[in-house]
Structures are given as structure tokens and as C-alpha cells.
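This report refers to the structure that appears directly beneath it.
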Amino acid sequence: MTLVIFDCDGVLVDSEPIAVRVDVAMLAEVGVPMSEAEVIERFVGRSPQVIVAAVQDELGHPVPDGWFDCGEERIRAAYVTELIPVDGIAEALDEITEPVCVASSSGHESLRFKLELTGLYDRFEGRIFSATEVANGKPAPDLFLHAAARMGADPASCVVVEDSRYGVEAARAAGMDVLAYAGGLTPADVLAGPRTVVFEDMRALPRLLRRP
């Protein structure tokens, strides 16, 4: 059985430009100035816990109480007015006949919120896995291996659809093939590598899955 494992942010929902914009503002407010390019390079595809730990390392002390939650509230408010599905993903999902699931660095509540907001939740209900369920988030392979096990799939038969450096590295570490979407924030040359096909139009996904 071929199982198609989707990342969420940047693959199903076009959330990353919104989150990066808010992250830059939040970092500046605590004295850790970063450009959008730096945030993309360091944090896109990582779990919230990794981001907080990195900021605390930069500061040399804990982040202020409520800082992370405030950022999440700002991002959530922006999602309500701005979040849309990734261009072409609905059409791609309509054509894909293989079993599908989601494996994301986001928490379950956040995943449900984003997928419901964009009308995609029903397509994956009961088959959504979060990095909160495993010991190590991306780029460790734990999350993708967990999703495969829960879905009863051999990791070698899984294909991961990812858009971030860390997600692609996690999929390769899990021994899975990768379809790396370069239509978002991460450049194609960063995503390219072994067991990886880079593409820029989600509407091409069903065709790429049919390739031998």
C-alpha cells in the first residue's frame, strides 16, 4: 500500500507567510531581531518548542511570561481573515486515490483550527498526527514513522509531501520518498536531494504519485 503523508503548513494551508510575518514582529519585541529569510531558514517546519528554546538561547534567559501564547493569538487572529488552502491542493486531493494522512509539527488543536478554517478537515479526520505525539520532532524521523505505523503502512511504501528543509530531512531519515513542494517559502535548491522530487504546482501532485 502506498500511503501519502502530508505536512500541513505550506502544503495544505498557506499559513507560513502569515506565521513568519508575526514571528518577525514577536522576535523583535523581545530583542531578537531576525529577517523573514532568517526565520524561514531556522524555524519553518520546526515545532513550537524548538522555536521557544532557540529564542531563549539567543536571549540567555527565559522568554517573558505569555510571550509565546501572545504570538499564537496574533497568528490565529490573522488566520481567521487571511488563511486559505495552498493553491491547487483541493484539486490534487480530489484526484488522489491512495490513502492519505497528515503529519505536522503543529499541535492537534492548531491543526484542526487551520484545516477546518480552510475546509480541508473532513478530508483527513481521524488521520491527523502531531509532533506532540512523539519524542523528537522534525528533522528526526519519529513523526513520519509514527504516522506510518498508525496507518498500518510500511515506511518504504510511503510518500511524504513536504515544503520545508526540516520536513524533507525527516522524511528521508524515515526512509521515505519525498515530493517537495517549492511553491512556498523554501527555495527548490534547499529541498533538492536524494529520494526527492521537487515540484512547484500542487496540481501536478497526482501525476507525480503515479510515476513508477
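Lettering and numbering for the C-alpha cells are positional, with chains as A, B, ... in the shown order, residues counted from 1 in each chain, and ligands counted from 1 in the shown order.
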query: Where does DSSP see strand (DSSP E) in stretch 55-129 of chain A, if you list the residues as a ChimeraX atom specification?
result: /A:100-104,128-129
Take the residues that were just selected and, keeping all heavy atoms, output them as a PDB file, in the first residue's frame.
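Dumped everything to result_0.pdb:
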ATOM      1  N   VAL A 100      -4.404   8.689   2.535  1.00  0.00           N
ATOM      2  CA  VAL A 100      -3.695   9.916   2.902  1.00  0.00           C
ATOM      3  C   VAL A 100      -3.814  10.175   4.400  1.00  0.00           C
ATOM      4  O   VAL A 100      -4.748   9.710   5.053  1.00  0.00           O
ATOM      5  CB  VAL A 100      -4.240  11.138   2.129  1.00  0.00           C
ATOM      6  CG1 VAL A 100      -4.040  10.972   0.629  1.00  0.00           C
ATOM      7  CG2 VAL A 100      -5.722  11.393   2.437  1.00  0.00           C
ATOM      8  N   CYS A 101      -2.845  10.901   4.944  1.00  0.00           N
ATOM      9  CA  CYS A 101      -2.912  11.367   6.319  1.00  0.00           C
ATOM     10  C   CYS A 101      -2.100  12.642   6.440  1.00  0.00           C
ATOM     11  O   CYS A 101      -1.426  13.057   5.492  1.00  0.00           O
ATOM     12  CB  CYS A 101      -2.408  10.301   7.304  1.00  0.00           C
ATOM     13  SG  CYS A 101      -0.639   9.964   7.214  1.00  0.00           S
ATOM     14  N   VAL A 102      -2.157  13.261   7.609  1.00  0.00           N
ATOM     15  CA  VAL A 102      -1.395  14.467   7.899  1.00  0.00           C
ATOM     16  C   VAL A 102      -0.421  14.174   9.027  1.00  0.00           C
ATOM     17  O   VAL A 102      -0.774  13.515  10.017  1.00  0.00           O
ATOM     18  CB  VAL A 102      -2.328  15.626   8.317  1.00  0.00           C
ATOM     19  CG1 VAL A 102      -1.525  16.850   8.752  1.00  0.00           C
ATOM     20  CG2 VAL A 102      -3.275  15.997   7.183  1.00  0.00           C
ATOM     21  N   ALA A 103       0.815  14.667   8.904  1.00  0.00           N
ATOM     22  CA  ALA A 103       1.808  14.582   9.975  1.00  0.00           C
ATOM     23  C   ALA A 103       2.508  15.934  10.059  1.00  0.00           C
ATOM     24  O   ALA A 103       3.258  16.311   9.162  1.00  0.00           O
ATOM     25  CB  ALA A 103       2.816  13.470   9.698  1.00  0.00           C
ATOM     26  N   SER A 104       2.251  16.663  11.139  1.00  0.00           N
ATOM     27  CA  SER A 104       2.663  18.063  11.221  1.00  0.00           C
ATOM     28  C   SER A 104       3.332  18.380  12.545  1.00  0.00           C
ATOM     29  O   SER A 104       3.045  17.762  13.573  1.00  0.00           O
ATOM     30  CB  SER A 104       1.420  18.954  11.050  1.00  0.00           C
ATOM     31  OG  SER A 104       1.704  20.300  11.369  1.00  0.00           O
ATOM     32  N   ILE A 128      -4.862  12.372  11.451  1.00  0.00           N
ATOM     33  CA  ILE A 128      -4.049  13.568  11.660  1.00  0.00           C
ATOM     34  C   ILE A 128      -3.103  13.318  12.826  1.00  0.00           C
ATOM     35  O   ILE A 128      -3.538  12.996  13.937  1.00  0.00           O
ATOM     36  CB  ILE A 128      -4.941  14.794  11.933  1.00  0.00           C
ATOM     37  CG1 ILE A 128      -5.856  15.058  10.736  1.00  0.00           C
ATOM     38  CG2 ILE A 128      -4.082  16.026  12.233  1.00  0.00           C
ATOM     39  CD1 ILE A 128      -6.907  16.125  10.982  1.00  0.00           C
ATOM     40  N   PHE A 129      -1.811  13.457  12.591  1.00  0.00           N
ATOM     41  CA  PHE A 129      -0.795  13.153  13.595  1.00  0.00           C
ATOM     42  C   PHE A 129       0.070  14.389  13.841  1.00  0.00           C
ATOM     43  O   PHE A 129       0.410  15.119  12.917  1.00  0.00           O
ATOM     44  CB  PHE A 129       0.057  11.964  13.128  1.00  0.00           C
ATOM     45  CG  PHE A 129      -0.778  10.776  12.745  1.00  0.00           C
ATOM     46  CD1 PHE A 129      -1.001  10.466  11.402  1.00  0.00           C
ATOM     47  CD2 PHE A 129      -1.383   9.999  13.718  1.00  0.00           C
ATOM     48  CE1 PHE A 129      -1.796   9.390  11.035  1.00  0.00           C
ATOM     49  CE2 PHE A 129      -2.187   8.921  13.367  1.00  0.00           C
ATOM     50  CZ  PHE A 129      -2.385   8.612  12.027  1.00  0.00           C
TER      51      PHE A 129
END
- request: Could you give me, as a VMD selection string, the residues within 9 Å of stretch 203-208 of chain A, counting only C-alpha atoms and dropping anything in the same chain fewer than 5 positions from it?
  value: chain A and resid 87 to 93 95 to 97 161 179 197
task: Would you mind listing what lies within 12 Å of A:His108 as a list in words, with only C-alpha atoms counted and same-chain residues fewer than 6 positions away left out?
output: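 Once the nearby chain positions are removed, what remains is Cys8, Val102, Lys114, Leu115, Glu116, Tyr121, Glu125, Gly126, Arg127, Ile128, Phe129, Ser130, Ala131, Thr132 and Glu133 of chain A.
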Atomic separation - atom CA of A:Val44 relative to atom CA of A:Thr2, Å: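 Separating atom CA of A:Thr2 from atom CA of A:Val44 is a distance of 26.9 Å.
Within the 12 Å cut-off around A:Pro64, using only C-alpha atoms and omitting residues fewer than 6 positions from it on the same chain, the listed residues are Met26, Leu27, Glu29, Val30, Gly31, Val52, Val55, Gln56, Cys70 and Gly71 of chain A.
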- request: Tell me, as JSON, numbers by chain, which residues lie within 8 Å of stretch 15-25 of chain A, counting only C-alpha atoms; anything in the same chain fewer than 2 positions away does not count.
  value: {"A": [9, 10, 13, 27, 28, 29, 33, 34, 35, 36, 39, 40, 44, 71, 74, 75, 78, 79, 82, 83, 84, 185]}
task: Can you pull out every residue within 12 Å of A:Ala153, counting only C-alpha atoms, but drop anything in the same chain fewer than 6 positions away, and send it as a list in words?
output: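 Surrounding residues, per the criterion: Met1, Thr2, Leu3, Val4, Ile5, Glu98, Pro99, Val100, Cys101, Phe144, Leu145, His146, Ala147, Val159 and Met176 of chain A.
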Computed interatomic separation between atom CA of A:Val80 and atom CA of A:Phe68 (Å):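 According to the coordinates, atom CA of A:Val80 and atom CA of A:Phe68 are separated by 18.7 Å.
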query: Which residues, written as a list in words, have at least one atom at most 8 Å from A:Tyr166, with only C-alpha atoms counted and residues fewer than 3 positions away on the same chain left out?
result: Val44, Gly45, Arg46, Lys138, Pro139, Glu169 and Ala170 of chain A
Restricting it to all heavy atoms, dump the selection as a PDB file, in the first residue's frame.
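Wrote it out as again.pdb, contents follow:
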ATOM      1  N   VAL A  44      10.987  27.416   9.988  1.00  0.00           N
ATOM      2  CA  VAL A  44       9.875  26.839   9.223  1.00  0.00           C
ATOM      3  C   VAL A  44      10.001  25.324   9.211  1.00  0.00           C
ATOM      4  O   VAL A  44      11.040  24.765   8.870  1.00  0.00           O
ATOM      5  CB  VAL A  44       9.828  27.401   7.785  1.00  0.00           C
ATOM      6  CG1 VAL A  44       8.895  26.566   6.907  1.00  0.00           C
ATOM      7  CG2 VAL A  44       9.343  28.849   7.798  1.00  0.00           C
ATOM      8  N   GLY A  45       8.929  24.662   9.622  1.00  0.00           N
ATOM      9  CA  GLY A  45       8.926  23.205   9.698  1.00  0.00           C
ATOM     10  C   GLY A  45       9.274  22.653  11.061  1.00  0.00           C
ATOM     11  O   GLY A  45       9.142  21.447  11.292  1.00  0.00           O
ATOM     12  N   ARG A  46       9.687  23.530  11.994  1.00  0.00           N
ATOM     13  CA  ARG A  46      10.057  23.061  13.333  1.00  0.00           C
ATOM     14  C   ARG A  46       8.881  23.185  14.292  1.00  0.00           C
ATOM     15  O   ARG A  46       7.944  23.943  14.056  1.00  0.00           O
ATOM     16  CB  ARG A  46      11.241  23.875  13.892  1.00  0.00           C
ATOM     17  CG  ARG A  46      12.450  23.963  13.001  1.00  0.00           C
ATOM     18  CD  ARG A  46      13.058  22.610  12.658  1.00  0.00           C
ATOM     19  NE  ARG A  46      13.520  21.832  13.791  1.00  0.00           N
ATOM     20  CZ  ARG A  46      14.727  21.962  14.349  1.00  0.00           C
ATOM     21  NH1 ARG A  46      15.580  22.878  13.905  1.00  0.00           N
ATOM     22  NH2 ARG A  46      15.081  21.180  15.350  1.00  0.00           N
ATOM     23  N   LYS A 138      10.568  17.002  13.734  1.00  0.00           N
ATOM     24  CA  LYS A 138      11.397  17.131  12.538  1.00  0.00           C
ATOM     25  C   LYS A 138      12.621  17.995  12.857  1.00  0.00           C
ATOM     26  O   LYS A 138      12.501  18.949  13.605  1.00  0.00           O
ATOM     27  CB  LYS A 138      10.583  17.786  11.414  1.00  0.00           C
ATOM     28  CG  LYS A 138       9.284  17.055  11.078  1.00  0.00           C
ATOM     29  CD  LYS A 138       8.416  17.884  10.143  1.00  0.00           C
ATOM     30  CE  LYS A 138       7.049  17.243   9.930  1.00  0.00           C
ATOM     31  NZ  LYS A 138       6.171  18.055   9.066  1.00  0.00           N
ATOM     32  N   PRO A 139      13.824  17.640  12.358  1.00  0.00           N
ATOM     33  CA  PRO A 139      14.126  16.707  11.273  1.00  0.00           C
ATOM     34  C   PRO A 139      14.308  15.242  11.684  1.00  0.00           C
ATOM     35  O   PRO A 139      14.743  14.447  10.861  1.00  0.00           O
ATOM     36  CB  PRO A 139      15.437  17.269  10.716  1.00  0.00           C
ATOM     37  CG  PRO A 139      16.122  17.833  11.925  1.00  0.00           C
ATOM     38  CD  PRO A 139      15.014  18.424  12.755  1.00  0.00           C
ATOM     39  N   GLU A 169      14.153  16.529   5.386  1.00  0.00           N
ATOM     40  CA  GLU A 169      15.192  15.749   6.064  1.00  0.00           C
ATOM     41  C   GLU A 169      14.573  14.645   6.924  1.00  0.00           C
ATOM     42  O   GLU A 169      15.094  13.524   6.978  1.00  0.00           O
ATOM     43  CB  GLU A 169      16.055  16.665   6.919  1.00  0.00           C
ATOM     44  CG  GLU A 169      16.956  17.588   6.113  1.00  0.00           C
ATOM     45  CD  GLU A 169      17.724  18.569   6.985  1.00  0.00           C
ATOM     46  OE1 GLU A 169      17.543  18.554   8.221  1.00  0.00           O
ATOM     47  OE2 GLU A 169      18.516  19.344   6.431  1.00  0.00           O
ATOM     48  N   ALA A 170      13.453  14.951   7.582  1.00  0.00           N
ATOM     49  CA  ALA A 170      12.784  13.952   8.413  1.00  0.00           C
ATOM     50  C   ALA A 170      12.262  12.796   7.571  1.00  0.00           C
ATOM     51  O   ALA A 170      12.367  11.628   7.959  1.00  0.00           O
ATOM     52  CB  ALA A 170      11.644  14.605   9.185  1.00  0.00           C
TER      53      ALA A 170
END
query: Between atom CA of A:Val32 and atom CA of A:Val168, what is the spacing in Å?
result: 27.1 Å
message: Taking only C-alpha atoms into account, name the residue in A:Gly119, A:Pro85, A:Gly175, A:Gly152 that is nearest to A:Ala140.
response: A:Gly175
query: Which of these, A:Arg172, A:Arg123, A:Arg42, A:Arg76, has the shortest distance to A:Leu12 once you count only C-alpha atoms?
result: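 Of all the options, A:Arg123 lies closest to A:Leu12.
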